[in-house]
file input-v2.csv (CSV, C-alpha atoms)
chain,number,residue,atom,x,y,z
A,17,MET,CA,0.0,0.0,0.0
A,18,LEU,CA,2.6,2.5,1.1
A,19,THR,CA,5.0,1.5,-1.7
A,20,SER,CA,2.2,2.0,-4.3
A,21,LEU,CA,1.5,5.5,-2.9
A,22,MET,CA,5.2,6.3,-3.1
A,23,LEU,CA,5.3,5.1,-6.6
A,24,ALA,CA,2.3,7.3,-7.5
A,25,ALA,CA,3.9,10.3,-5.9
A,26,TRP,CA,7.2,9.6,-7.8
A,27,GLU,CA,5.3,9.3,-11.1
A,28,GLY,CA,3.6,12.6,-10.4
A,29,LEU,CA,7.0,14.2,-9.8
A,30,VAL,CA,8.4,12.9,-13.1
A,31,SER,CA,5.5,13.7,-15.2
A,32,SER,CA,5.2,17.2,-13.8
A,33,ALA,CA,8.9,17.9,-14.4
A,34,ASN,CA,8.3,16.8,-18.0
A,35,SER,CA,5.4,19.1,-18.5
A,36,LEU,CA,7.4,22.0,-17.0
A,37,GLY,CA,10.1,21.4,-19.5
A,38,ASP,CA,7.7,21.6,-22.4
A,39,ILE,CA,6.1,24.8,-21.1
A,40,ALA,CA,9.5,26.5,-20.5
A,41,ILE,CA,10.1,26.3,-24.3
A,42,ILE,CA,6.9,28.4,-24.8
A,43,VAL,CA,6.9,30.7,-21.9
A,44,ILE,CA,10.4,32.2,-21.9
A,45,PRO,CA,10.6,33.3,-25.5
A,46,LEU,CA,7.1,34.6,-25.2
A,47,MET,CA,7.8,36.8,-22.2
A,48,LEU,CA,10.9,38.1,-23.8
A,49,GLY,CA,8.9,39.1,-26.9
A,50,LEU,CA,6.2,40.8,-24.9
A,51,GLU,CA,8.8,42.8,-22.9
A,52,ILE,CA,10.5,43.9,-26.1
A,53,ALA,CA,7.1,45.0,-27.6
A,54,LYS,CA,6.4,47.0,-24.5
A,55,ASP,CA,9.8,48.8,-24.3
A,56,THR,CA,10.0,49.7,-28.0
A,57,GLY,CA,6.7,51.5,-27.6
A,58,LEU,CA,5.1,49.0,-30.0
A,59,MET,CA,2.1,48.6,-27.6
A,60,ALA,CA,1.4,52.3,-27.5
A,61,LYS,CA,1.5,52.4,-31.3
A,62,ILE,CA,-0.8,49.3,-31.6
A,63,SER,CA,-3.2,50.8,-29.1
A,64,ARG,CA,-3.6,53.8,-31.5
A,65,TRP,CA,-4.8,51.3,-34.2
A,66,PHE,CA,-7.4,50.0,-31.8
A,67,HIS,CA,-8.9,53.4,-31.0
A,68,PRO,CA,-11.9,52.6,-33.3
A,69,VAL,CA,-12.8,49.8,-30.8
A,70,ALA,CA,-13.5,52.5,-28.2
A,71,LYS,CA,-16.7,53.5,-30.0
A,72,PRO,CA,-18.7,50.2,-29.9
A,73,LEU,CA,-17.5,49.7,-26.3
A,74,ALA,CA,-18.7,53.3,-25.5
A,75,VAL,CA,-15.5,54.2,-23.7
A,76,SER,CA,-13.1,57.0,-24.5
A,77,ASN,CA,-9.9,56.6,-26.6
A,78,ALA,CA,-7.8,57.1,-23.5
A,79,ALA,CA,-9.3,53.8,-22.1
A,80,VAL,CA,-7.9,51.8,-25.0
A,81,PHE,CA,-4.3,51.7,-23.8
A,82,PRO,CA,-4.9,50.3,-20.3
A,83,LEU,CA,-7.4,48.0,-21.8
A,84,LEU,CA,-5.0,46.6,-24.3
A,85,ILE,CA,-2.1,46.3,-21.8
A,86,GLY,CA,-4.3,44.4,-19.4
A,87,LEU,CA,-5.6,42.2,-22.2
A,88,VAL,CA,-2.1,41.3,-23.5
A,89,PHE,CA,0.0,41.3,-20.3
A,90,GLY,CA,-2.5,40.4,-17.6
A,91,LEU,CA,-3.9,42.2,-14.5
A,92,SER,CA,-0.9,41.9,-12.2
A,93,TYR,CA,1.6,42.7,-14.9
A,94,GLY,CA,-0.4,45.6,-16.3
A,95,SER,CA,-1.8,46.8,-13.0
A,96,GLY,CA,0.8,49.6,-12.9
A,97,VAL,CA,-0.5,51.1,-16.2
A,98,ILE,CA,-4.1,50.4,-15.3
A,99,ILE,CA,-3.9,52.0,-11.9
A,100,ASN,CA,-1.9,55.0,-13.2
A,101,ALA,CA,-4.5,55.6,-16.0
A,102,ALA,CA,-7.3,55.4,-13.4
A,103,LYS,CA,-5.5,57.9,-11.2
A,104,SER,CA,-4.4,60.3,-13.9
A,105,GLY,CA,-7.9,61.6,-14.2
A,106,GLU,CA,-8.1,61.2,-18.0
A,107,LEU,CA,-10.6,58.4,-17.6
A,108,SER,CA,-14.2,59.0,-16.9
A,109,ARG,CA,-16.1,56.9,-14.4
A,110,THR,CA,-17.7,55.0,-17.2
A,111,ASP,CA,-14.3,54.4,-18.7
A,112,ARG,CA,-13.0,53.0,-15.5
A,113,TYR,CA,-15.9,50.6,-14.9
A,114,GLY,CA,-15.7,49.7,-18.6
A,115,VAL,CA,-12.0,48.8,-18.4
A,116,ALA,CA,-12.6,46.9,-15.1
A,117,ILE,CA,-15.4,44.9,-16.5
A,118,PHE,CA,-13.6,44.1,-19.8
A,119,LEU,CA,-10.4,43.0,-18.0
A,120,SER,CA,-12.3,41.0,-15.4
A,121,VAL,CA,-13.7,38.9,-18.2
A,122,SER,CA,-10.6,38.6,-20.2
A,123,HIS,CA,-6.9,39.2,-19.6
A,124,SER,CA,-3.4,37.7,-20.2
A,125,LEU,CA,-4.8,36.8,-23.6
A,126,ILE,CA,-1.5,35.6,-25.0
A,127,GLU,CA,0.2,33.9,-22.0
A,128,ASP,CA,-2.8,32.1,-20.5
A,129,THR,CA,-4.2,31.1,-23.9
A,130,LEU,CA,-0.9,29.7,-25.0
A,131,LEU,CA,-0.5,27.7,-21.8
A,132,LEU,CA,-4.0,26.3,-22.1
A,133,VAL,CA,-3.5,25.5,-25.8
A,134,ALA,CA,-0.2,23.8,-24.8
A,135,VAL,CA,-2.1,21.3,-22.6
A,136,GLY,CA,-4.7,20.6,-25.3
A,137,ALA,CA,-7.4,23.2,-25.6
A,138,ASN,CA,-8.6,24.4,-29.0
A,139,ALA,CA,-6.9,27.7,-29.8
A,140,LEU,CA,-9.5,29.1,-32.2
A,141,TRP,CA,-12.3,28.6,-29.8
A,142,LEU,CA,-10.4,30.0,-26.8
A,143,VAL,CA,-9.2,33.1,-28.5
A,144,SER,CA,-12.5,34.0,-30.1
A,145,LEU,CA,-14.3,33.5,-26.9
A,146,ARG,CA,-11.8,35.6,-24.9
A,147,VAL,CA,-12.0,38.5,-27.4
A,148,LEU,CA,-15.8,38.5,-28.2
A,149,LEU,CA,-17.1,37.9,-24.7
A,150,PRO,CA,-15.6,41.0,-23.0
A,151,VAL,CA,-16.5,43.2,-25.9
A,152,ILE,CA,-20.1,42.1,-25.7
A,153,ILE,CA,-20.3,42.3,-21.9
A,154,THR,CA,-18.6,45.7,-21.8
A,155,ALA,CA,-20.7,47.2,-24.6
A,156,LEU,CA,-23.9,46.0,-22.8
A,157,ALA,CA,-22.7,47.3,-19.4
A,158,THR,CA,-21.6,50.7,-20.6
A,159,ARG,CA,-24.9,51.2,-22.4
A,160,THR,CA,-27.2,50.0,-19.6
A,161,ILE,CA,-26.0,50.2,-16.0
A,162,LEU,CA,-23.1,52.5,-16.6
A,163,ALA,CA,-25.1,55.0,-18.7
A,164,ASN,CA,-26.8,56.2,-15.5
A,165,GLY,CA,-23.5,57.6,-14.2
A,166,PRO,CA,-24.7,59.4,-11.0
A,167,LYS,CA,-26.1,56.2,-9.5
A,168,LEU,CA,-22.7,54.6,-9.4
A,169,PRO,CA,-20.7,54.9,-6.2
A,170,ARG,CA,-18.0,57.6,-6.2
A,171,LEU,CA,-14.6,56.2,-6.8
A,172,ARG,CA,-12.0,56.6,-4.1
A,173,SER,CA,-9.3,57.9,-6.4
A,174,GLN,CA,-11.7,60.5,-7.7
A,175,SER,CA,-12.7,62.0,-4.3
A,176,SER,CA,-9.1,62.3,-3.0
B,12,MET,CA,31.2,77.1,-50.9
B,13,ASN,CA,27.6,77.8,-51.2
B,14,TRP,CA,26.6,74.2,-51.9
B,15,THR,CA,27.9,72.9,-48.6
B,16,ALA,CA,25.1,74.4,-46.6
B,17,PRO,CA,22.1,72.6,-48.2
B,18,LEU,CA,24.1,69.5,-48.4
B,19,ARG,CA,24.9,69.5,-44.7
B,20,VAL,CA,21.3,70.2,-43.8
B,21,ARG,CA,20.1,67.3,-45.9
B,22,TYR,CA,22.8,65.1,-44.5
B,23,ASN,CA,21.7,65.9,-40.9
B,24,SER,CA,18.1,65.4,-41.7
B,25,ASP,CA,18.8,62.0,-43.2
B,26,ILE,CA,20.7,61.0,-40.0
B,27,CYS,CA,17.8,62.3,-38.0
B,28,ARG,CA,15.4,60.3,-40.0
B,29,ILE,CA,17.5,57.1,-39.5
B,30,ILE,CA,17.8,57.7,-35.8
B,31,GLU,CA,14.1,58.3,-35.6
B,32,ARG,CA,13.5,55.0,-37.2
B,33,VAL,CA,15.9,53.1,-35.0
B,34,ARG,CA,15.0,54.9,-31.8
B,35,PRO,CA,12.4,52.3,-30.8
B,36,LEU,CA,15.1,49.6,-31.1
B,37,LEU,CA,17.4,51.6,-28.9
B,38,GLN,CA,14.8,51.2,-26.1
B,39,ILE,CA,15.7,47.5,-25.9
B,40,THR,CA,18.3,47.6,-23.2
B,41,GLN,CA,19.8,44.9,-21.1
B,42,GLN,CA,17.0,45.7,-18.6
B,43,THR,CA,14.4,44.7,-21.3
B,44,ILE,CA,16.1,41.3,-21.8
B,45,LYS,CA,16.5,40.9,-18.1
B,46,ASN,CA,12.9,41.7,-17.3
B,47,GLY,CA,11.6,39.4,-20.1
B,48,LEU,CA,13.7,36.5,-18.9
B,49,ARG,CA,12.7,37.2,-15.4
B,50,SER,CA,9.0,37.2,-16.1
B,51,GLY,CA,9.4,34.0,-18.1
B,52,VAL,CA,11.2,32.3,-15.3
B,53,ASP,CA,8.7,33.7,-12.8
B,54,THR,CA,5.8,32.2,-14.8
B,55,LEU,CA,7.6,28.9,-14.9
B,56,TRP,CA,8.2,29.0,-11.2
B,57,GLU,CA,4.5,29.8,-10.6
B,58,LEU,CA,3.7,26.8,-12.7
B,59,ALA,CA,6.2,24.6,-10.9
B,60,LYS,CA,4.7,25.6,-7.6
B,61,ALA,CA,1.3,24.5,-8.8
B,62,ILE,CA,2.1,21.6,-11.0
B,63,ILE,CA,4.5,19.6,-8.9
B,64,PRO,CA,2.5,19.4,-5.6
B,65,LEU,CA,-0.9,19.1,-7.3
B,66,THR,CA,0.2,16.3,-9.6
B,67,ILE,CA,1.6,14.4,-6.7
B,68,LEU,CA,-1.5,15.0,-4.6
B,69,ILE,CA,-3.9,14.0,-7.3
B,70,ASN,CA,-1.8,10.9,-8.1
B,71,VAL,CA,-1.8,9.8,-4.5
B,72,LEU,CA,-5.6,10.6,-4.1
B,73,ARG,CA,-6.3,8.5,-7.1
B,74,GLN,CA,-4.2,5.6,-5.8
B,75,THR,CA,-6.2,5.6,-2.5
B,76,GLY,CA,-9.5,5.7,-4.4
B,77,TRP,CA,-10.7,9.0,-2.8
B,78,LEU,CA,-10.6,10.8,-6.1
B,79,GLU,CA,-13.1,8.4,-7.6
B,80,HIS,CA,-15.4,8.9,-4.6
B,81,LEU,CA,-15.2,12.8,-4.8
B,82,ALA,CA,-15.7,12.7,-8.5
B,83,ASP,CA,-18.9,10.6,-8.1
B,84,THR,CA,-20.5,13.2,-5.9
B,85,VAL,CA,-20.2,16.0,-8.4
B,86,THR,CA,-20.8,14.0,-11.6
B,87,PRO,CA,-24.4,15.3,-12.1
B,88,ILE,CA,-23.3,18.9,-11.9
B,89,MET,CA,-20.3,18.4,-14.2
B,90,ALA,CA,-22.5,16.7,-16.7
B,91,TRP,CA,-24.0,20.1,-17.6
B,92,PHE,CA,-20.6,21.0,-19.0
B,93,GLY,CA,-20.1,17.5,-20.6
B,94,LEU,CA,-17.3,16.9,-18.1
B,95,PRO,CA,-16.4,13.8,-16.0
B,96,GLY,CA,-16.7,14.3,-12.3
B,97,GLU,CA,-12.9,14.7,-12.0
B,98,GLY,CA,-13.2,17.9,-14.1
B,99,ALA,CA,-14.4,19.6,-10.9
B,100,LEU,CA,-10.8,19.4,-9.7
B,101,VAL,CA,-9.7,21.7,-12.5
B,102,LEU,CA,-12.5,24.2,-11.8
B,103,VAL,CA,-11.8,24.3,-8.1
B,104,ALA,CA,-8.0,24.7,-8.6
B,105,GLY,CA,-8.6,27.4,-11.3
B,106,TYR,CA,-11.3,29.4,-9.4
B,107,PHE,CA,-9.7,29.5,-6.0
B,108,ILE,CA,-5.9,29.2,-6.7
B,109,ASN,CA,-4.9,30.2,-10.3
B,110,VAL,CA,-4.7,29.3,-13.9
B,111,TYR,CA,-1.5,27.4,-13.4
B,112,SER,CA,-3.1,25.1,-10.9
B,113,ALA,CA,-5.9,24.5,-13.3
B,114,ILE,CA,-3.3,23.6,-16.0
B,115,ALA,CA,-1.7,21.2,-13.5
B,116,ALA,CA,-5.0,19.5,-12.8
B,117,ILE,CA,-5.8,19.3,-16.6
B,118,LEU,CA,-2.4,17.5,-17.0
B,119,THR,CA,-3.3,14.8,-14.5
B,120,LEU,CA,-6.6,13.9,-16.0
B,121,GLU,CA,-7.4,12.1,-19.2
B,122,LEU,CA,-9.7,14.5,-21.1
B,123,THR,CA,-10.7,15.0,-24.7
B,124,VAL,CA,-9.9,18.2,-26.7
B,125,LYS,CA,-13.5,19.3,-26.3
B,126,GLN,CA,-13.5,18.8,-22.6
B,127,ILE,CA,-10.2,20.6,-22.2
B,128,THR,CA,-11.5,23.5,-24.3
B,129,VAL,CA,-14.6,23.7,-22.1
B,130,LEU,CA,-12.5,23.8,-19.0
B,131,ALA,CA,-10.0,26.3,-20.5
B,132,ALA,CA,-12.8,28.6,-21.5
B,133,MET,CA,-14.4,28.4,-18.0
B,134,VAL,CA,-11.2,28.9,-16.2
B,135,SER,CA,-9.9,31.7,-18.4
B,136,ILE,CA,-13.0,33.7,-17.7
B,137,CYS,CA,-13.0,33.1,-13.9
B,138,HIS,CA,-9.8,32.3,-12.0
B,139,SER,CA,-7.8,33.3,-8.8
B,140,ILE,CA,-10.9,35.0,-7.5
B,141,PHE,CA,-9.3,36.2,-4.3
B,142,LEU,CA,-6.1,37.6,-5.7
B,143,GLU,CA,-7.6,39.3,-8.7
B,144,THR,CA,-10.5,40.8,-6.8
B,145,ALA,CA,-7.8,42.4,-4.6
B,146,ILE,CA,-6.0,43.9,-7.6
B,147,THR,CA,-9.2,45.1,-9.3
B,148,LYS,CA,-10.2,46.8,-6.0
B,149,LYS,CA,-7.2,49.2,-6.4
B,150,THR,CA,-8.7,50.8,-9.5
B,151,GLY,CA,-11.5,51.9,-7.3
B,152,VAL,CA,-14.5,49.9,-8.6
B,153,LYS,CA,-17.0,47.8,-6.8
B,154,VAL,CA,-15.7,44.3,-6.9
B,155,LEU,CA,-18.3,41.9,-5.6
B,156,PRO,CA,-20.7,42.3,-8.6
B,157,LEU,CA,-17.7,41.8,-10.9
B,158,ALA,CA,-16.6,38.6,-9.2
B,159,LEU,CA,-20.2,37.2,-9.4
B,160,LEU,CA,-20.4,38.3,-13.0
B,161,ARG,CA,-17.2,36.3,-13.8
B,162,LEU,CA,-18.4,33.2,-11.9
B,163,GLY,CA,-21.8,33.3,-13.6
B,164,LEU,CA,-20.3,34.0,-17.0
B,165,SER,CA,-17.9,31.2,-16.6
B,166,CYS,CA,-20.6,28.6,-16.0
B,167,LEU,CA,-22.7,30.0,-18.8
B,168,VAL,CA,-19.8,29.8,-21.2
B,169,GLY,CA,-19.1,26.2,-20.0
B,170,VAL,CA,-22.6,25.2,-21.0
B,171,ILE,CA,-22.4,27.1,-24.3
B,172,VAL,CA,-19.1,25.7,-25.4
B,173,HIS,CA,-20.3,22.2,-24.4
B,174,VAL,CA,-23.4,22.6,-26.6
B,175,LEU,CA,-21.8,24.3,-29.6
B,176,TYR,CA,-18.5,22.6,-29.8
B,177,PRO,CA,-18.6,20.1,-32.7
B,178,THR,CA,-18.2,16.6,-31.5
B,179,PRO,CA,-15.9,14.5,-33.7
B,180,LEU,CA,-17.6,11.8,-35.6
call {"tool": "encode", "arguments": {"input": "input-v2.csv", "output": "structure tokens"}}
result
Amino acid sequence: MLTSLMLAAWEGLVSSANSLGDIAIIVIPLMLGLEIAKDTGLMAKISRWFHPVAKPLAVSNAAVFPLLIGLVFGLSYGSGVIINAAKSGELSRTDRYGVAIFLSVSHSLIEDTLLLVAVGANALWLVSLRVLLPVIITALATRTILANGPKLPRLRSQSS
Amino acid sequence: MNWTAPLRVRYNSDICRIIERVRPLLQITQQTIKNGLRSGVDTLWELAKAIIPLTILINVLRQTGWLEHLADTVTPIMAWFGLPGEGALVLVAGYFINVYSAIAAILTLELTVKQITVLAAMVSICHSIFLETAITKKTGVKVLPLALLRLGLSCLVGVIVHVLYPTPL
């Protein structure tokens, strides 16, 4: 009994080490590429192409950059940009809620999706869901609940 | 000597133009490479922390027969998503810990591409509820409705993908 448990644990250790090796080949070049895209200002440039997206989402152009950063890099990684944008005052209340809703539904599009595809998920389904859903949800929210701005609670960063 | 002036101006402007083109590349410093490698290694470390203990735990649980028992109790719920009872492990790991743990759990189970896609869609919409709620809070929005939205949406998407995903013949 005990030996079979030890054996199961050992097998787990070996197979997890194998999976980690496979994932390393994806993750390290990917993160390097993303970092280069950020530092060369490529992201800022790309976010300008995505300004037309602001209209269907009913947010301002200024909201597109934090939105894109969060979508590509993830919440914890992009939190600096997102929090700064929220504090800078160039985002309206609707913008902030819009960005928060969008990013709650979908973020770290590249990293998480690649990892999940690496373990066997269908890439096309995953990517289209993760892009379409937040757009639909945000567009709905900004037009319904968020349209009645005054009813929303005041934001802390705004009052201070 | 009159011709040197326009020539020099043009020469300078050409250099300027080239520098302007290359300037973005000059932003790639040692720090960029360092940061990129670091975040790659960090991700890998996060994965290792999730994958190694969870794989061992699940393997041992399976060996003792507990896993089968746990799976049986949630089988009716997981059937909504077209998943075996064991699929609940992936959801619990993803919702409460993080995506990496969900990936670890997926690796230990034998699932079809469709089932993995359902799980991936569900987990990528809703994961690490506790941690991410804390981060979202810093942007100054109400977080409880957002967390509930994600959870509800995650289940809804699970059902939708299960229904719409073409089953191989």
call {"tool": "closest_residue", "arguments": {"input": "input-v2.csv", "among": "A:Leu91, A:Leu140, A:Leu36, A:Met47", "to": "Glu127 of chain A", "atoms": "all atoms listed in the file"}}
result
A:Met47
call {"tool": "closest_residue", "arguments": {"input": "input-v2.csv", "among": "A:Ala70, A:Leu48, A:Val121, A:Val80", "to": "Pro150 of chain A", "atoms": "only C-alpha atoms"}}
result
A:Val121
call {"tool": "closest_residue", "arguments": {"input": "input-v2.csv", "among": "B:Val85, B:Ile63, B:Ile29, B:Leu142", "to": "chain A", "atoms": "all atoms listed in the file"}}
result
B:Ile63
call {"tool": "interface_residues", "arguments": {"input": "input-v2.csv", "of": "chain A", "to": "chain B", "cutoff": "7 Å", "atoms": "only C-alpha atoms", "output": "VMD selection string"}}
result
chain A and resid 21 24 to 25 28 to 29 32 36 40 43 to 44 47 to 48 51 to 52 55 to 57 99 102 113 116 to 117 120 to 122 132 135 to 138 142 171 to 173
call {"tool": "residues_around", "arguments": {"input": "input-v2.csv", "residues": "Leu100 of chain B", "least_positions_apart": "2", "cutoff": "9 Å", "atoms": "all atoms listed in the file", "output": "PyMOL selection string"}}
result
chain B and resi 82+96-98+102-105+113+116-117
call {"tool": "atom_distance", "arguments": {"input": "input-v2.csv", "atom1": "atom CA of Glu106 of chain A", "atom2": "atom CA of Ala78 of chain A"}}
result
6.9 Å
call {"tool": "atom_distance", "arguments": {"input": "input-v2.csv", "atom1": "atom CA of Lys71 of chain A", "atom2": "atom CA of Lys54 of chain A"}}
result
24.6 Å
call {"tool": "atom_distance", "arguments": {"input": "input-v2.csv", "atom1": "atom CA of Asp128 of chain A", "atom2": "atom CA of Val30 of chain A"}}
result
23.4 Å
call {"tool": "residues_around", "arguments": {"input": "input-v2.csv", "residues": "segment 153-160 of chain A", "least_positions_apart": "2", "cutoff": "6 Å", "atoms": "all atoms listed in the file", "output": "PyMOL selection string"}}
result
chain A and resi 73+114+118+150-151+162-163
call {"tool": "closest_residue", "arguments": {"input": "input-v2.csv", "among": "B:Tyr106, B:Arg32, B:Pro95, B:Cys27", "to": "Gly163 of chain B", "atoms": "all atoms listed in the file"}}
result
B:Tyr106
call {"tool": "closest_residue", "arguments": {"input": "input-v2.csv", "among": "A:Ala134, A:Leu84, A:Met22, A:Val143", "to": "Trp65 of chain A", "atoms": "all atoms listed in the file"}}
result
A:Leu84
call {"tool": "residues_around", "arguments": {"input": "input-v2.csv", "residues": "Trp91 of chain B", "least_positions_apart": "2", "cutoff": "9 Å", "atoms": "only C-alpha atoms", "output": "ChimeraX atom specification"}}
result
/B:87-89,93-94,169-170,173
call {"tool": "axis_aligned_box", "arguments": {"input": "input-v2.csv", "around": "segment 17-30 of chain A", "padding_each_side": "4 Å", "output": "lines of an AutoDock Vina configuration file"}}
result
center_x = 4.2
center_y = 7.1
center_z = -6.0
size_x = 16.4
size_y = 22.2
size_z = 22.2
call {"tool": "closest_residue", "arguments": {"input": "input-v2.csv", "among": "A:Ile98, A:Leu50, A:Ile161, A:Ile62", "to": "Leu125 of chain A", "atoms": "all atoms listed in the file"}}
result
A:Leu50
